[in-house]
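Novice: My questions will all concern the structure given below.
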Amino acid sequence: MNIKKLISYIVITLLVGSFFTLFIMDSFNIYNTMDKPFLSPNKIVFPIVWSVLYILMGISLYIVSESKYLNKDKSYLLYILQLLVNSAWPLFFFKFRLFFVSFFTFLKFKSISKYGKPPLYYNKGGHWIL
């Protein structure tokens with residue numbers, strides 16, 4: 001196991017995900033003004049969940065890079081698309097308040113997730129992370 005490579009993939013993923021947060025810091029107040037269901041999480045939950053998501057994405061990238069899967073280029077492309085969609089969602093939702101677009105961005109996120117699973121079937125750990 002190459003720990004330096006694993007840590008670098010996690011850090012790069014966290015940095016890319018955090019980059020878009022710089023543009024929305026002043027826009028998080030919209031969450032407080034929304035009509036939310038009773039069981040809606042507190043706004044402090046979101047940075048924690050997004051950080052965990054990015055850490056898991058970095059781990060899955062490491063697993064793909066170390067696997068014997070022959071078509072890694074496809075997996076890397078899917079990873080980049082997934083990272084961009086994940087990073088763009090808060091920008092659409094909080095900064096631009098494009099709730100309808102955010103919903104479809106979320107659906108695209110789910111379709112990329114479903115499409116990205118087959119390469120990781122060769123490694124059961126990678127499959128469960130995604």
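Labels for the structure tokens follow display order: chains A, B, ..., residues from 1 in each chain, ligands from 1.
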Near segment 45-57 of chain A, counting only C-alpha atoms, which residues have an atom at most 12 Å away, once you skip same-chain residues fewer than 4 positions from it, shown as a PyMOL selection string?
Specialist: chain A and resi 6-18+21+25+28+31+40-41+61-64+75-76+78-87+89-90+113+116+125-130
Novice: What does the structure give for the distance between atom CA of Phe93 of chain A and atom CA of Leu39 of chain A, in Å to one decimal?
Specialist: 19.8 Å
